[in-house]
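Undergrad: Dropping in run.cif, which is mmCIF, C-alpha atoms:
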data_structure
#
loop_
_atom_site.group_PDB
_atom_site.id
_atom_site.type_symbol
_atom_site.label_atom_id
_atom_site.label_comp_id
_atom_site.auth_asym_id
_atom_site.auth_seq_id
_atom_site.Cartn_x
_atom_site.Cartn_y
_atom_site.Cartn_z
ATOM 1 C CA MET A 1 22.233 15.573 -9.034
ATOM 2 C CA GLU A 2 22.899 14.702 -5.389
ATOM 3 C CA ASN A 3 19.938 14.973 -3.028
ATOM 4 C CA ASN A 4 20.768 16.241 0.462
ATOM 5 C CA PHE A 5 18.584 15.463 3.452
ATOM 6 C CA ASN A 6 18.217 17.776 6.395
ATOM 7 C CA GLU A 7 16.887 16.099 9.529
ATOM 8 C CA ASP A 8 14.614 19.024 10.385
ATOM 9 C CA ASP A 9 13.172 18.926 6.873
ATOM 10 C CA VAL A 10 12.363 15.246 7.293
ATOM 11 C CA ILE A 11 10.529 15.882 10.556
ATOM 12 C CA ASN A 12 8.708 18.987 9.366
ATOM 13 C CA ARG A 13 7.829 17.903 5.835
ATOM 14 C CA MET A 14 7.123 14.196 6.100
ATOM 15 C CA SER A 15 3.393 14.888 6.181
ATOM 16 C CA ARG A 16 3.593 16.070 2.564
ATOM 17 C CA TYR A 17 2.600 12.559 1.482
ATOM 18 C CA GLN A 18 2.988 9.070 2.908
ATOM 19 C CA PHE A 19 2.331 5.656 1.465
ATOM 20 C CA SER A 20 3.358 2.065 2.068
ATOM 21 C CA ILE A 21 4.750 -0.610 -0.195
ATOM 22 C CA ILE A 22 4.577 -4.224 0.882
ATOM 23 C CA HIS A 23 7.708 -6.088 -0.096
ATOM 24 C CA LEU A 24 6.357 -9.083 -1.978
ATOM 25 C CA GLN A 25 8.355 -12.238 -1.537
ATOM 26 C CA ASP A 26 8.539 -13.238 -5.204
ATOM 27 C CA GLU A 27 8.659 -9.783 -6.835
ATOM 28 C CA VAL A 28 11.827 -7.996 -7.965
ATOM 29 C CA VAL A 29 10.008 -4.637 -8.136
ATOM 30 C CA GLY A 30 8.177 -2.401 -5.671
ATOM 31 C CA PHE A 31 4.670 -1.245 -6.580
ATOM 32 C CA VAL A 32 4.253 2.505 -6.022
ATOM 33 C CA ASP A 33 0.999 4.179 -4.976
ATOM 34 C CA ARG A 34 -0.626 5.440 -8.224
ATOM 35 C CA ALA A 35 -2.235 8.474 -6.626
ATOM 36 C CA PHE A 36 1.144 9.601 -5.315
ATOM 37 C CA ALA A 37 2.823 9.038 -8.700
ATOM 38 C CA ILE A 38 0.209 11.174 -10.471
ATOM 39 C CA LEU A 39 0.035 13.931 -7.845
ATOM 40 C CA TYR A 40 3.799 14.439 -7.825
ATOM 41 C CA ASP A 41 4.657 13.459 -11.387
ATOM 42 C CA ASP A 42 6.260 16.811 -12.206
ATOM 43 C CA ASP A 43 8.384 16.601 -9.062
ATOM 44 C CA LEU A 44 9.629 13.027 -9.360
ATOM 45 C CA GLU A 45 12.850 12.040 -11.114
ATOM 46 C CA ARG A 46 13.843 8.557 -12.189
ATOM 47 C CA GLN A 47 16.260 8.250 -9.283
ATOM 48 C CA TRP A 48 14.892 8.353 -5.742
ATOM 49 C CA THR A 49 17.034 8.797 -2.648
ATOM 50 C CA LEU A 50 15.839 6.907 0.418
ATOM 51 C CA ARG A 51 16.992 7.447 3.997
ATOM 52 C CA ASP A 52 16.143 5.121 6.857
ATOM 53 C CA GLU A 53 15.773 5.909 10.549
ATOM 54 C CA GLU A 54 19.477 5.357 11.178
ATOM 55 C CA GLY A 55 20.528 7.730 8.430
ATOM 56 C CA ASN A 56 21.521 5.090 5.866
ATOM 57 C CA ARG A 57 20.939 6.209 2.280
ATOM 58 C CA HIS A 58 19.932 4.188 -0.745
ATOM 59 C CA VAL A 59 19.202 5.027 -4.370
ATOM 60 C CA VAL A 60 16.450 3.252 -6.295
ATOM 61 C CA THR A 61 15.218 3.672 -9.858
ATOM 62 C CA TYR A 62 11.632 4.665 -10.585
ATOM 63 C CA ASN A 63 10.083 3.711 -13.938
ATOM 64 C CA LYS A 64 8.058 6.964 -14.169
ATOM 65 C CA ASN A 65 5.073 5.124 -15.605
ATOM 66 C CA LEU A 66 1.749 6.515 -14.396
ATOM 67 C CA GLN A 67 -0.211 3.446 -15.479
ATOM 68 C CA LYS A 68 1.923 1.049 -13.440
ATOM 69 C CA PRO A 69 4.423 2.987 -11.313
ATOM 70 C CA MET A 70 7.172 0.795 -9.895
ATOM 71 C CA LEU A 71 10.606 0.852 -8.349
ATOM 72 C CA ILE A 72 12.617 -1.271 -10.747
ATOM 73 C CA GLY A 73 16.283 -0.663 -9.916
ATOM 74 C CA GLY A 74 17.896 -1.042 -6.512
ATOM 75 C CA TRP A 75 14.874 -2.879 -5.105
ATOM 76 C CA THR A 76 16.670 -6.226 -4.975
ATOM 77 C CA GLU A 77 19.670 -4.579 -3.305
ATOM 78 C CA LEU A 78 17.357 -3.037 -0.710
ATOM 79 C CA ARG A 79 15.944 -6.488 -0.063
ATOM 80 C CA HIS A 80 19.409 -7.914 0.614
ATOM 81 C CA ILE A 81 20.544 -5.023 2.818
ATOM 82 C CA TYR A 82 17.547 -5.308 5.133
ATOM 83 C CA GLU A 83 17.278 -9.092 4.815
ATOM 84 C CA LEU A 84 13.717 -9.017 3.549
ATOM 85 C CA HIS A 85 12.909 -12.626 2.775
ATOM 86 C CA ASP A 86 9.167 -12.547 3.308
ATOM 87 C CA PHE A 87 6.282 -10.062 3.118
ATOM 88 C CA HIS A 88 7.280 -6.821 4.875
ATOM 89 C CA THR A 89 5.846 -3.307 4.990
ATOM 90 C CA ILE A 90 8.045 -0.387 3.917
ATOM 91 C CA TYR A 91 6.716 3.035 4.838
ATOM 92 C CA PHE A 92 7.621 5.967 2.556
ATOM 93 C CA GLY A 93 7.396 9.582 3.708
ATOM 94 C CA TYR A 94 7.936 11.993 0.838
ATOM 95 C CA VAL A 95 10.221 14.914 1.664
ATOM 96 C CA GLY A 96 10.465 16.484 -1.801
ATOM 97 C CA ASP A 97 12.957 16.539 -4.698
ATOM 98 C CA SER A 98 12.600 12.754 -5.109
ATOM 99 C CA CYS A 99 13.815 12.175 -1.529
ATOM 100 C CA PHE A 100 12.066 9.898 0.969
ATOM 101 C CA HIS A 101 12.289 8.890 4.591
ATOM 102 C CA ILE A 102 11.639 5.151 4.898
ATOM 103 C CA THR A 103 10.720 2.895 7.788
ATOM 104 C CA ILE A 104 11.064 -0.845 7.296
ATOM 105 C CA PHE A 105 9.069 -3.149 9.532
ATOM 106 C CA PRO A 106 11.003 -6.397 10.116
ATOM 107 C CA SER A 107 8.010 -8.453 11.225
ATOM 108 C CA LYS A 108 6.058 -10.368 8.606
ATOM 109 C CA CYS A 109 2.879 -8.711 7.312
ATOM 110 C CA LYS A 110 -0.424 -10.159 8.370
ATOM 111 C CA PRO A 111 -2.295 -12.063 5.632
ATOM 112 C CA LEU A 112 -5.093 -9.462 5.690
ATOM 113 C CA SER A 113 -2.626 -6.633 4.982
ATOM 114 C CA ILE A 114 -1.088 -8.599 2.116
ATOM 115 C CA ALA A 115 -4.518 -9.290 0.625
ATOM 116 C CA ARG A 116 -5.497 -5.625 0.903
ATOM 117 C CA PHE A 117 -2.292 -4.533 -0.795
ATOM 118 C CA LEU A 118 -2.735 -6.949 -3.692
ATOM 119 C CA ASN A 119 -6.395 -5.993 -4.055
ATOM 120 C CA ARG A 120 -5.443 -2.320 -4.068
ATOM 121 C CA ILE A 121 -2.914 -2.833 -6.872
ATOM 122 C CA GLN A 122 -5.685 -4.449 -8.913
ATOM 123 C CA ALA A 123 -8.307 -1.843 -7.972
ATOM 124 C CA ASP A 124 -6.043 1.047 -8.971
ATOM 125 C CA GLN A 125 -5.518 -0.209 -12.519
ATOM 126 C CA PRO A 126 -6.734 2.221 -15.230
ATOM 127 C CA LEU A 127 -10.245 1.750 -16.573
ATOM 128 C CA PHE A 128 -9.180 2.215 -20.186
ATOM 129 C CA ASN A 129 -6.160 2.110 -22.446
ATOM 130 C CA GLY A 130 -4.621 5.075 -24.182
ATOM 131 C CA PRO A 131 -3.997 8.646 -23.007
ATOM 132 C CA LYS A 132 -5.608 9.850 -19.813
ATOM 133 C CA LEU A 133 -6.452 13.144 -18.173
ATOM 134 C CA HIS A 134 -6.035 13.737 -14.468
ATOM 135 C CA PHE A 135 -7.954 16.244 -12.381
ATOM 136 C CA LYS A 136 -6.676 16.782 -8.857
ATOM 137 C CA ILE A 137 -8.885 17.941 -6.007
ATOM 138 C CA PHE A 138 -7.773 18.567 -2.430
ATOM 139 C CA LEU A 139 -10.754 17.749 -0.223
ATOM 140 C CA ASN A 140 -11.335 19.430 3.106
ATOM 141 C CA PRO A 141 -13.522 17.864 5.852
ATOM 142 C CA ASN A 142 -16.557 19.930 4.837
ATOM 143 C CA GLN A 143 -16.381 18.621 1.273
ATOM 144 C CA CYS A 144 -16.054 15.049 2.559
ATOM 145 C CA ASN A 145 -19.285 15.420 4.510
ATOM 146 C CA ALA A 146 -21.223 17.488 1.980
ATOM 147 C CA SER A 147 -24.042 16.239 -0.234
ATOM 148 C CA HIS A 148 -22.256 17.500 -3.361
ATOM 149 C CA LEU A 149 -18.807 18.384 -4.689
ATOM 150 C CA ASP A 150 -18.048 21.516 -6.681
ATOM 151 C CA LEU A 151 -15.784 20.647 -9.601
ATOM 152 C CA PRO A 152 -12.988 22.790 -11.005
ATOM 153 C CA ALA A 153 -13.798 24.419 -14.334
ATOM 154 C CA ASP A 154 -11.541 22.164 -16.432
ATOM 155 C CA PHE A 155 -13.078 18.973 -15.028
ATOM 156 C CA GLY A 156 -16.583 20.395 -15.478
ATOM 157 C CA ASN A 157 -15.861 21.356 -19.075
ATOM 158 C CA TYR A 158 -14.610 17.849 -19.802
ATOM 159 C CA LEU A 159 -17.832 16.288 -18.469
ATOM 160 C CA ARG A 160 -20.023 18.814 -20.284
ATOM 161 C CA GLN A 161 -18.736 17.485 -23.615
ATOM 162 C CA GLY A 162 -20.633 14.247 -23.023
ATOM 163 C CA SER A 163 -23.964 15.752 -21.935
ATOM 164 C CA PHE A 164 -24.104 13.197 -19.117
ATOM 165 C CA LYS A 165 -26.778 13.135 -16.443
ATOM 166 C CA TYR A 166 -24.811 10.660 -14.343
ATOM 167 C CA ILE A 167 -21.206 9.628 -13.887
ATOM 168 C CA TYR A 168 -19.758 6.523 -12.257
ATOM 169 C CA LEU A 169 -17.005 6.984 -9.676
ATOM 170 C CA TYR A 170 -14.758 3.920 -9.486
ATOM 171 C CA GLY A 171 -13.057 4.032 -6.102
ATOM 172 C CA PRO A 172 -10.756 1.448 -4.513
ATOM 173 C CA ARG A 173 -13.606 0.113 -2.360
ATOM 174 C CA LYS A 174 -16.787 0.782 -4.293
ATOM 175 C CA THR A 175 -18.252 2.102 -7.542
ATOM 176 C CA VAL A 176 -21.003 4.670 -7.057
ATOM 177 C CA LYS A 177 -23.418 6.174 -9.582
ATOM 178 C CA CYS A 178 -23.565 9.937 -9.031
ATOM 179 C CA LYS A 179 -25.852 12.648 -10.343
ATOM 180 C CA LEU A 180 -24.092 15.288 -12.419
ATOM 181 C CA LEU A 181 -25.335 18.840 -11.873
ATOM 182 C CA LEU A 182 -24.375 21.188 -14.716
ATOM 183 C CA ARG A 183 -25.774 24.703 -14.671
ATOM 184 C CA ASN A 184 -25.242 27.790 -16.816
ATOM 185 C CA HIS A 185 -27.463 30.266 -14.942
ATOM 186 C CA PRO A 186 -27.244 32.381 -12.907
ATOM 187 C CA LYS A 187 -23.601 31.393 -13.273
ATOM 188 C CA LYS A 188 -21.832 28.417 -14.780
ATOM 189 C CA SER A 189 -21.198 25.617 -12.283
ATOM 190 C CA SER A 190 -20.429 21.907 -12.317
ATOM 191 C CA LYS A 191 -21.119 19.623 -9.367
ATOM 192 C CA ILE A 192 -21.285 15.971 -8.420
ATOM 193 C CA GLY A 193 -24.616 15.622 -6.638
ATOM 194 C CA SER A 194 -26.456 12.659 -5.164
ATOM 195 C CA GLY A 195 -24.113 9.728 -4.700
ATOM 196 C CA TRP A 196 -21.163 11.875 -3.631
ATOM 197 C CA LYS A 197 -21.799 11.467 0.094
ATOM 198 C CA GLU A 198 -22.271 7.715 -0.370
ATOM 199 C CA PHE A 199 -18.925 7.555 -2.159
ATOM 200 C CA CYS A 200 -17.136 9.445 0.632
ATOM 201 C CA THR A 201 -18.750 7.324 3.342
ATOM 202 C CA ALA A 202 -17.833 4.080 1.569
ATOM 203 C CA HIS A 203 -14.189 5.143 1.460
ATOM 204 C CA GLY A 204 -14.004 6.599 4.933
ATOM 205 C CA PHE A 205 -13.236 10.160 3.806
ATOM 206 C CA HIS A 206 -13.632 12.483 6.764
ATOM 207 C CA GLN A 207 -10.514 14.635 6.786
ATOM 208 C CA THR A 208 -8.323 16.516 4.305
ATOM 209 C CA ILE A 209 -7.252 14.236 1.476
ATOM 210 C CA ASP A 210 -5.947 14.456 -2.094
ATOM 211 C CA LEU A 211 -8.033 12.850 -4.820
ATOM 212 C CA VAL A 212 -7.100 12.144 -8.419
ATOM 213 C CA PHE A 213 -9.927 11.801 -10.954
ATOM 214 C CA GLU A 214 -8.669 9.869 -13.975
ATOM 215 C CA VAL A 215 -10.619 10.019 -17.242
ATOM 216 C CA ASP A 216 -10.293 9.052 -20.886
ATOM 217 C CA HIS A 217 -8.370 11.729 -22.795
ATOM 218 C CA MET A 218 -9.647 10.636 -26.205
ATOM 219 C CA LYS A 219 -13.310 11.380 -25.565
ATOM 220 C CA SER A 220 -15.573 12.467 -22.739
ATOM 221 C CA ASN A 221 -16.442 9.417 -20.660
ATOM 222 C CA GLN A 222 -18.813 9.056 -17.715
ATOM 223 C CA ASN A 223 -16.644 6.375 -16.102
ATOM 224 C CA VAL A 224 -14.206 8.061 -13.722
ATOM 225 C CA LYS A 225 -11.429 6.344 -11.783
ATOM 226 C CA VAL A 226 -10.812 7.906 -8.369
ATOM 227 C CA LEU A 227 -7.364 7.393 -6.858
ATOM 228 C CA THR A 228 -6.242 8.368 -3.401
ATOM 229 C CA TYR A 229 -3.681 7.745 -0.701
ATOM 230 C CA CYS A 230 -3.722 4.431 1.088
ATOM 231 C CA ASN A 231 -1.715 2.587 3.749
ATOM 232 C CA PHE A 232 -2.043 -1.041 4.788
#
Show me the file's structure as structure tokens.
TA:
Amino acid sequence: MENNFNEDDVINRMSRYQFSIIHLQDEVVGFVDRAFAILYDDDLERQWTLRDEEGNRHVVTYNKNLQKPMLIGGWTELRHIYELHDFHTIYFGYVGDSCFHITIFPSKCKPLSIARFLNRIQADQPLFNGPKLHFKIFLNPNQCNASHLDLPADFGNYLRQGSFKYIYLYGPRKTVKCKLLLRNHPKKSSKIGSGWKEFCTAHGFHQTIDLVFEVDHMKSNQNVKVLTYCNF
């Protein structure tokens, strides 16, 4: 199916989600942001249409693998078209329907940005093998600054199966031990308590942001991977 861009749509909808991929000199694939891949899994097809600032269009192939999402087809062609021979940042703005606006920065990435990108790829790797469950929470500024986080019922029910007093949140920058608050009276509620604010502060959360909580699908586990948007 052909994807059609409308310039107004690009301008108005680019804020839906943005992420960056650093073109790695010796890699024939592009490493996709895991949080993005999980958040929009139902929306993403195997073929992505990319449009640059001059209106040029390109088609790349996405492997649709949530454990290690990558662009595997068309990446080398993109490299040749834009003469990317070193480490370069490519900015992706998601428009919808597997269509993206891209901005390619011709200057070489700074070593610090390259190191952060490589570290992030490693940090975002799953904690465990096998099937996984994903719980998605859209944080507002108040939740980022609060001392606790109210959990949706399905996430709370998952954690209740393990009778845990604490859970461990594995973020891209830090792992934090958090108190789990599970109550049945006067009404049923599930919250992440002490440790939550420390986790948010360590990751610089202070405005609206999407979070993905990844857990073991086979059994209730107190180790929770937290994935979120990141640029470099």
Undergrad: May I have the residues within 9 Å of Val215 of chain A as an MDAnalysis selection string, using only C-alpha atoms and disregarding those fewer than 3 positions away in the same chain?
TA: chainID A and resid 126:128 131:135 219:225
Undergrad: Smallest atom-to-atom distance to Cys109 of chain A: which of A:Cys178, A:Leu24, A:Leu151, A:Val59, using all atoms listed in the file?
TA: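 Answer, going by the shortest atom-to-atom distance: A:Leu24.
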Undergrad: Determine the nearest neighbour of Gly156 of chain A from the options A:Phe213, A:Phe205, A:Phe117, A:Tyr229, counting all atoms listed in the file.
TA: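 Going through A:Phe213, A:Phe205, A:Phe117, A:Tyr229 one by one, the smallest distance to Gly156 of chain A is for A:Phe213.
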Undergrad: One decimal, Å: what's the distance from atom CA of Trp48 of chain A over to atom CA of Gly93 of chain A, could you say?
TA: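 Separation of atom CA of Trp48 of chain A and atom CA of Gly93 of chain A: 12.1 Å.
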Undergrad: Could you tell me, as a VMD selection string, exactly which residues end up selected when the PyMOL selection byres ((chain A and resi 79) around 12) is applied to this structure?
TA: chain A and resid 22 to 30 58 60 73 to 78 80 to 90 104 106
Undergrad: Determine the residue membership of the PyMOL selection byres ((chain A and resi 51) around 12) for the file above and supply it as a PDB file with C-alpha atoms, keeping the file's coordinate frame.
TA:
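Below is the file that was written, part.pdb:
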ATOM      1  CA  ASN A   3      19.938  14.973  -3.028  1.00  0.00           C
ATOM      2  CA  ASN A   4      20.768  16.241   0.462  1.00  0.00           C
ATOM      3  CA  PHE A   5      18.584  15.463   3.452  1.00  0.00           C
ATOM      4  CA  ASN A   6      18.217  17.776   6.395  1.00  0.00           C
ATOM      5  CA  GLU A   7      16.887  16.099   9.529  1.00  0.00           C
ATOM      6  CA  VAL A  10      12.363  15.246   7.293  1.00  0.00           C
ATOM      7  CA  TRP A  48      14.892   8.353  -5.742  1.00  0.00           C
ATOM      8  CA  THR A  49      17.034   8.797  -2.648  1.00  0.00           C
ATOM      9  CA  LEU A  50      15.839   6.907   0.418  1.00  0.00           C
ATOM     10  CA  ASP A  52      16.143   5.121   6.857  1.00  0.00           C
ATOM     11  CA  GLU A  53      15.773   5.909  10.549  1.00  0.00           C
ATOM     12  CA  GLU A  54      19.477   5.357  11.178  1.00  0.00           C
ATOM     13  CA  GLY A  55      20.528   7.730   8.430  1.00  0.00           C
ATOM     14  CA  ASN A  56      21.521   5.090   5.866  1.00  0.00           C
ATOM     15  CA  ARG A  57      20.939   6.209   2.280  1.00  0.00           C
ATOM     16  CA  HIS A  58      19.932   4.188  -0.745  1.00  0.00           C
ATOM     17  CA  VAL A  59      19.202   5.027  -4.370  1.00  0.00           C
ATOM     18  CA  VAL A  60      16.450   3.252  -6.295  1.00  0.00           C
ATOM     19  CA  LEU A  78      17.357  -3.037  -0.710  1.00  0.00           C
ATOM     20  CA  ILE A  90       8.045  -0.387   3.917  1.00  0.00           C
ATOM     21  CA  TYR A  91       6.716   3.035   4.838  1.00  0.00           C
ATOM     22  CA  PHE A  92       7.621   5.967   2.556  1.00  0.00           C
ATOM     23  CA  GLY A  93       7.396   9.582   3.708  1.00  0.00           C
ATOM     24  CA  TYR A  94       7.936  11.993   0.838  1.00  0.00           C
ATOM     25  CA  VAL A  95      10.221  14.914   1.664  1.00  0.00           C
ATOM     26  CA  SER A  98      12.600  12.754  -5.109  1.00  0.00           C
ATOM     27  CA  CYS A  99      13.815  12.175  -1.529  1.00  0.00           C
ATOM     28  CA  PHE A 100      12.066   9.898   0.969  1.00  0.00           C
ATOM     29  CA  HIS A 101      12.289   8.890   4.591  1.00  0.00           C
ATOM     30  CA  ILE A 102      11.639   5.151   4.898  1.00  0.00           C
ATOM     31  CA  THR A 103      10.720   2.895   7.788  1.00  0.00           C
ATOM     32  CA  ILE A 104      11.064  -0.845   7.296  1.00  0.00           C
TER      33      ILE A 104
END
Undergrad: Rank A:Phe199, A:Tyr62, A:Tyr158, A:Phe138 by their smallest atom-to-atom distance to Gly171 of chain A, using all atoms listed in the file, and report the top residue only.
TA: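 Answer, going by the shortest atom-to-atom distance: A:Phe199.
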Undergrad: Within 9 Å of Phe31 of chain A, counting all atoms listed in the file, which residues qualify if same-chain residues fewer than 4 places away don't, as a ChimeraX atom specification?
TA: /A:21-23,68-72,121
